[in-house]
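*Asks:* Take a look at the following structure, please.
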Amino acid sequence: MASADSYDVIVIGAGPAGYVAAIRCAQLGMQVACIERRGVAAGGEAAVLGGTCLNVGCIPSKALLDSSQRFLDASSESLASHGVRTAEVSLDLSAMMARKEQVVQQLTRGISGLFKGNKVVPLAGEATLLSGRAVELRVPNAEPRRLQAKHVILATGSEPMALPSAPFDAERIVDSTGGLSFGEVPARLGVIGAGAIGLELGSVWSRLGAEVVIIEALSDFLPAVDRPVAREAAKLFAAQGLDIRLGSRLESASVDADGVVISYTDAQGEQHSERFDRLIVAVGRQPCSDGLLAPDAGVTIDESGRIPVDAHCATALDGVWAVGDLVRGPMLAHKGAEEGVMVAERIAGKPATLNYDTIPGVVYTHPEVAWVGRHEEQLQAAGIPCRVGAFSFAANGRALAAGEAKGLVRIIADAETDRIYGCHIVGPGAADLVQQLVIAMEFGASAEDLALIVTAHPTVSEAVHEAALAVDQRALHALNRRR
Ligand code: FAD
Ligand code: NAI
């Protein structure tokens, strides 16, 4: 070991969980270093901050989702139905990709600026936790450095899970990162997994002209989502041309000069084979914990590769914390970031907690699917009597005016107390609409509380208001069904 450096806090990983933890610790007066390996392995001297989310996740996928939706709007009947005629529309995929990269760079550089302004020390390299809250930092062609901290926050995130039956080859069979940067639109794209990545990337390439087939092992579509909402979403996506084959198991995939041939068994047990130009495998992500812990570090890893933590993200070892995709719970940027804040505050002696029952989920398709809390079937299975209020965007004036009158809102509340348990939406602006319910649930609101709130007219928010009224069969712009 060449030298020793001491910090109040060392954060390992500069994704949304790690960089937010580092900034909050610095705001609370601590001396903080944040170690990141991205960029170093590629020969760069400075680490690239922002993690999966900013570099190859949330942000580039949303850039492509927005760009591809504009292309679709301009080239389909959608604009014409508003009375707007366009000349022939063509795609400049490299300009679309360049814009995506520019958005990514602007945001990752923004994190560097925030680190500078908050005096967080960014350290480039790969880190391993040693015993006694020491950290080894390695960069290629240099002696490892030994750092020391009073607290260490592990925030190394996750990486795509591989399927033995369809190993990545970085060309024809790719992970989500590969699926964000094809050089041309594949004529036929196969996607394994109808989760968030499969649906979002499947939508991007379908809008740009690819024929997309999604193979999904489960027979239920989007199981975290209320059934009628998931069924409506499946119908809308099918109408958009996404061919989603539920209950289908991939058997094998083989690459040849022309593309990829897969074989799979469908829900009836019949064997099929399909040829694609490219195949995206999106079957979940696994925590990045390989090589993170020295054998005597004193922190364990569970069988799924995650670091076990308590409700406040403390590991079994005093002064060592773990946050984000590396620990239990949904693999979402906002969940990791809030854990980062909670840990920083607890290190500073504040009684911070995080309400895991109100973490929203969103699939950024068009329309979006968004939800918070439990759905009707989950409550029924738990034996909790509930009432549901539903409202369709077909009866919402603003959605109709915009030509976006598809989908519905469902609010689920306790049958006795009326306290809201969850809200599930597919429809225009669902990601932002669901946030109203996150706030309401945080404040312990009842459906009646929401029903009593004045909602601006005409807005898509009125669909949420009407769904809240419908819980008590008081919807005004739809007929209330007798229970
Ligand atoms: P990460 O963002 O993975 O960051 C961890 C960082 O640690 C990485 O930069 C890694 O290089 C670094 N690291 C790992 N090991 C070491 C080591 N030993 N030493 C030094 N550095 C190390 N979530 C949402 O909420 N909304 C979305 O819209 C969304 N879209 C997504 C789209 C795609 C295509 C993908 C793949 C993911 C998406 N996610 C989305 C998930 C989101 O990206 C993750 O939940 C989030 O990035 C997790 O944050 P994290 O800080 O825990 O880990
Ligand atoms: P996921 O867990 O959301 O979906 C994976 C899907 O693949 C599941 O439906 C699963 O049943 C299916 N599957 C698994 N093995 C299979 C097999 N052998 N054959 C066919 N289907 C199979 O994982 P995904 O989409 O890879 O995303 C990874 C993580 O990234 C998720 O945790 C997600 O939360 C996060 N993410 C979030 C986004 C968002 O918030 N909008 C966008 C993209 C990713």
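Residues in the structure tokens are numbered from 1 in each chain, the chains being A, B, ... in the order shown, and ligands are numbered from 1 in the order shown.
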Could you tell me, counting only C-alpha atoms and all ligand atoms, which protein and nucleic acid residues lie no more than 6 Å from ligand 1, written as a compact mmCIF listing (two decimals) with C-alpha atoms, in the first residue's frame?

*Replies:*
# COMPACT_ATOMS: atom_id res chain seq x y z
CA ILE A 12 -18.29 3.24 -3.12
CA GLY A 13 -20.26 3.78 -6.34
CA ALA A 14 -21.45 7.06 -7.89
CA GLY A 15 -24.92 6.04 -9.11
CA PRO A 16 -28.07 7.77 -7.81
CA ALA A 17 -27.80 5.99 -4.44
CA GLY A 18 -24.09 6.73 -3.97
CA ILE A 35 -15.15 6.13 -5.54
CA GLU A 36 -16.32 5.22 -9.05
CA ARG A 37 -14.84 2.74 -11.50
CA ARG A 38 -16.87 3.72 -14.61
CA GLY A 51 -24.01 5.20 -12.41
CA THR A 52 -26.30 3.00 -14.45
CA CYS A 53 -29.14 5.50 -14.24
CA VAL A 56 -26.97 3.48 -19.49
CA GLY A 57 -30.33 3.42 -17.72
CA CYS A 58 -33.09 5.88 -16.84
CA SER A 61 -33.73 5.23 -22.28
CA GLY A 125 -10.92 3.36 -9.53
CA GLU A 126 -12.26 0.05 -8.29
CA ALA A 127 -12.80 -0.31 -4.54
CA THR A 128 -12.84 -3.21 -2.11
CA ALA A 155 -23.56 1.69 -3.40
CA THR A 156 -22.20 -0.45 -6.22
CA GLY A 157 -25.56 -0.99 -7.92
CA SER A 158 -26.41 -3.76 -10.34
CA SER A 176 -30.03 -3.15 -22.20
CA ILE A 197 -36.66 -2.70 -19.86
CA CYS A 288 -22.63 -5.80 -8.24
CA LEU A 292 -16.47 -5.68 -3.30
CA GLY A 324 -29.62 1.16 -3.82
CA ASP A 325 -29.75 -1.83 -6.17
CA LEU A 326 -27.18 -3.59 -3.97
CA MET A 331 -34.19 -1.68 -8.23
CA LEU A 332 -35.21 1.93 -8.82
CA ALA A 333 -33.17 5.12 -8.93
CA HIS A 334 -35.49 7.11 -6.65
CA GLY A 336 -31.73 4.23 -3.98

*Asks:* Pull the closest atom pair for each residue of chain A that gets at most 7 Å from ligand 2, along with the distance in Å to one decimal, counting only C-alpha atoms and all ligand atoms, ordering rows by chain and then ascending residue number, as a Markdown table.

*Replies:*
| residue | atom | partner | partner_atom_place_in_ligand_line | distance |
| --- | --- | --- | --- | --- |
| A:Gly57 | CA | ligand 2 | 43 (C) | 6.7 |
| A:Cys58 | CA | ligand 2 | 42 (C) | 6.2 |
| A:Pro160 | CA | ligand 2 | 26 (O) | 6.8 |
| A:Leu163 | CA | ligand 2 | 18 (N) | 6.7 |
| A:Ile192 | CA | ligand 2 | 20 (C) | 5.1 |
| A:Gly193 | CA | ligand 2 | 7 (O) | 3.3 |
| A:Ala194 | CA | ligand 2 | 9 (O) | 4.8 |
| A:Gly195 | CA | ligand 2 | 4 (O) | 3.3 |
| A:Ala196 | CA | ligand 2 | 25 (O) | 4.1 |
| A:Ile197 | CA | ligand 2 | 25 (O) | 3.7 |
| A:Gly198 | CA | ligand 2 | 25 (O) | 5.3 |
| A:Glu200 | CA | ligand 2 | 42 (C) | 6.8 |
| A:Ile215 | CA | ligand 2 | 20 (C) | 5.4 |
| A:Glu216 | CA | ligand 2 | 21 (N) | 3.8 |
| A:Ala217 | CA | ligand 2 | 21 (N) | 3.9 |
| A:Leu218 | CA | ligand 2 | 11 (O) | 5.0 |
| A:Leu222 | CA | ligand 2 | 9 (O) | 6.7 |
| A:Ser248 | CA | ligand 2 | 20 (C) | 6.4 |
| A:Arg249 | CA | ligand 2 | 19 (N) | 5.0 |
| A:Leu250 | CA | ligand 2 | 19 (N) | 5.1 |
| A:Ala282 | CA | ligand 2 | 26 (O) | 3.9 |
| A:Val283 | CA | ligand 2 | 7 (O) | 3.6 |
| A:Gly284 | CA | ligand 2 | 26 (O) | 3.3 |
| A:Arg285 | CA | ligand 2 | 28 (C) | 4.9 |
| A:Pro330 | CA | ligand 2 | 32 (O) | 5.9 |
| A:Met331 | CA | ligand 2 | 32 (O) | 4.2 |
| A:Leu332 | CA | ligand 2 | 34 (O) | 5.3 |
| A:Gly361 | CA | ligand 2 | 40 (O) | 5.9 |
| A:Val362 | CA | ligand 2 | 41 (N) | 5.0 |
| A:Val363 | CA | ligand 2 | 41 (N) | 4.2 |
| A:Tyr364 | CA | ligand 2 | 41 (N) | 5.5 |

*Asks:* When you look at Ile111 (chain A) with a cut-off of 10 Å (counting only C-alpha atoms), what residues show up, excluding the ones that are within fewer than 5 positions of it in the same chain? I need them as a PyMOL selection string.

*Replies:* chain A and resi 14-16+19-20+23+48-50+54+105-106+116-117

*Asks:* With N, CA, C and O atoms retained, export the selected residues as a PDB file, in the first residue's frame.

*Replies:*
ATOM      1  N   ALA A  14     -20.913   5.703  -7.678  1.00  0.00           N
ATOM      2  CA  ALA A  14     -21.454   7.059  -7.890  1.00  0.00           C
ATOM      3  C   ALA A  14     -22.716   7.036  -8.736  1.00  0.00           C
ATOM      4  O   ALA A  14     -22.922   7.882  -9.609  1.00  0.00           O
ATOM      5  N   GLY A  15     -23.584   6.039  -8.500  1.00  0.00           N
ATOM      6  CA  GLY A  15     -24.915   6.037  -9.108  1.00  0.00           C
ATOM      7  C   GLY A  15     -25.835   6.906  -8.257  1.00  0.00           C
ATOM      8  O   GLY A  15     -25.378   7.565  -7.316  1.00  0.00           O
ATOM      9  N   PRO A  16     -27.147   6.898  -8.557  1.00  0.00           N
ATOM     10  CA  PRO A  16     -28.067   7.766  -7.814  1.00  0.00           C
ATOM     11  C   PRO A  16     -28.067   7.505  -6.306  1.00  0.00           C
ATOM     12  O   PRO A  16     -28.258   8.437  -5.516  1.00  0.00           O
ATOM     13  N   TYR A  19     -24.098   8.810  -5.274  1.00  0.00           N
ATOM     14  CA  TYR A  19     -23.757  10.235  -5.394  1.00  0.00           C
ATOM     15  C   TYR A  19     -24.662  11.103  -4.520  1.00  0.00           C
ATOM     16  O   TYR A  19     -24.235  12.106  -3.957  1.00  0.00           O
ATOM     17  N   VAL A  20     -25.927  10.697  -4.379  1.00  0.00           N
ATOM     18  CA  VAL A  20     -26.844  11.460  -3.511  1.00  0.00           C
ATOM     19  C   VAL A  20     -26.403  11.333  -2.048  1.00  0.00           C
ATOM     20  O   VAL A  20     -26.374  12.323  -1.305  1.00  0.00           O
ATOM     21  N   ILE A  23     -23.392  13.628  -1.570  1.00  0.00           N
ATOM     22  CA  ILE A  23     -23.748  15.059  -1.515  1.00  0.00           C
ATOM     23  C   ILE A  23     -24.408  15.393  -0.177  1.00  0.00           C
ATOM     24  O   ILE A  23     -24.069  16.386   0.476  1.00  0.00           O
ATOM     25  N   VAL A  48     -16.432   8.446 -14.512  1.00  0.00           N
ATOM     26  CA  VAL A  48     -17.681   8.965 -15.066  1.00  0.00           C
ATOM     27  C   VAL A  48     -18.761   8.739 -14.010  1.00  0.00           C
ATOM     28  O   VAL A  48     -19.037   7.600 -13.631  1.00  0.00           O
ATOM     29  N   LEU A  49     -19.339   9.825 -13.526  1.00  0.00           N
ATOM     30  CA  LEU A  49     -20.292   9.734 -12.415  1.00  0.00           C
ATOM     31  C   LEU A  49     -21.720   9.491 -12.939  1.00  0.00           C
ATOM     32  O   LEU A  49     -21.991   9.651 -14.121  1.00  0.00           O
ATOM     33  N   GLY A  50     -22.622   9.137 -12.018  1.00  0.00           N
ATOM     34  CA  GLY A  50     -24.043   9.005 -12.399  1.00  0.00           C
ATOM     35  C   GLY A  50     -24.547   7.571 -12.455  1.00  0.00           C
ATOM     36  O   GLY A  50     -25.748   7.338 -12.511  1.00  0.00           O
ATOM     37  N   LEU A  54     -27.767   7.343 -15.009  1.00  0.00           N
ATOM     38  CA  LEU A  54     -27.478   8.458 -15.916  1.00  0.00           C
ATOM     39  C   LEU A  54     -26.797   7.993 -17.203  1.00  0.00           C
ATOM     40  O   LEU A  54     -27.021   8.566 -18.269  1.00  0.00           O
ATOM     41  N   GLN A 105     -24.229  13.236 -21.182  1.00  0.00           N
ATOM     42  CA  GLN A 105     -23.001  13.960 -20.781  1.00  0.00           C
ATOM     43  C   GLN A 105     -23.318  15.198 -19.969  1.00  0.00           C
ATOM     44  O   GLN A 105     -22.635  15.508 -18.990  1.00  0.00           O
ATOM     45  N   GLN A 106     -24.377  15.908 -20.375  1.00  0.00           N
ATOM     46  CA  GLN A 106     -24.742  17.114 -19.625  1.00  0.00           C
ATOM     47  C   GLN A 106     -25.051  16.756 -18.162  1.00  0.00           C
ATOM     48  O   GLN A 106     -24.619  17.435 -17.240  1.00  0.00           O
ATOM     49  N   LYS A 116     -18.016  19.077  -6.905  1.00  0.00           N
ATOM     50  CA  LYS A 116     -17.064  20.167  -6.697  1.00  0.00           C
ATOM     51  C   LYS A 116     -17.644  21.204  -5.724  1.00  0.00           C
ATOM     52  O   LYS A 116     -17.003  21.592  -4.746  1.00  0.00           O
ATOM     53  N   GLY A 117     -18.878  21.621  -6.017  1.00  0.00           N
ATOM     54  CA  GLY A 117     -19.520  22.646  -5.193  1.00  0.00           C
ATOM     55  C   GLY A 117     -19.719  22.212  -3.752  1.00  0.00           C
ATOM     56  O   GLY A 117     -19.697  23.030  -2.837  1.00  0.00           O
TER      57      GLY A 117
END

*Asks:* Counting only C-alpha atoms, which of A:His312, A:Lys150, A:His424, A:Arg138 gets nearest to Val32 (chain A)?

*Replies:*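 That would be A:Lys150, the residue with the smallest distance to Val32 (chain A).
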
*Asks:* Residues near Leu129 (chain A), anyone? I mean within 8 Å using only C-alpha atoms, not counting same-chain ones fewer than 6 positions away, as a PyMOL selection string.

*Replies:* chain A and resi 135-136+292-294+297

*Asks:* Out of A:Thr365, A:Ser254, A:Thr455, A:Thr108, which residue has the shortest atom-to-atom distance to Ala46 (chain A) when counting only C-alpha atoms?

*Replies:*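 Closest to Ala46 (chain A), using only C-alpha atoms: A:Thr108.
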
*Asks:* What's around Glu377 (chain A) at 8 Å? Count only C-alpha atoms, leave out sequence neighbours fewer than 2 positions away in its own chain, and write the answer as an mmCIF file with C-alpha atoms, in the first residue's frame.

*Replies:*
data_model
loop_
_atom_site.group_PDB
_atom_site.id
_atom_site.type_symbol
_atom_site.label_atom_id
_atom_site.label_comp_id
_atom_site.auth_asym_id
_atom_site.auth_seq_id
_atom_site.Cartn_x
_atom_site.Cartn_y
_atom_site.Cartn_z
ATOM 1 C CA ASP A 226 -53.518 -4.043 -10.615
ATOM 2 C CA ARG A 227 -54.998 -6.663 -12.974
ATOM 3 C CA HIS A 375 -53.374 -3.771 -5.830
ATOM 4 C CA LEU A 379 -55.218 -7.114 -0.718
ATOM 5 C CA GLN A 380 -57.762 -9.877 -1.332
ATOM 6 C CA ALA A 381 -55.016 -12.490 -0.915
#

*Asks:* Check the smallest atom-to-atom distance from each of A:Val372, A:Ser206, A:Gly397, A:Ala415 to Ile439 (chain A) using only C-alpha atoms, then report the winner.

*Replies:*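 Smallest distance to Ile439 (chain A) is found for A:Val372.
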
*Asks:* How many Å separate CA of Ala402 (chain A) from CA of Gln240 (chain A)?

*Replies:* 18.0 Å

*Asks:* Using DSSP on the backbone coordinates, identify the residues of region 327-387 of chain A assigned to strand (DSSP E or B); present them as a ChimeraX atom specification.

*Replies:* /A:361-363,368-373,386-387

*Asks:* With only C-alpha atoms as the basis for distance, which of A:Val454, A:Leu208, A:Met342, A:Ala142 is at the shortest distance from Ser90 (chain A)?

*Replies:*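 Once distances to Ser90 (chain A) are computed over only C-alpha atoms, the minimum belongs to A:Leu208.
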
*Asks:* Hey, what does DSSP flag as helix (DSSP H, G or I) within region 35-245 of chain A? Can you give it to me as a PyMOL selection string?

*Replies:* chain A and resi 51-56+58-75+77-81+93-118+131-133+176-179+196-207+227-239
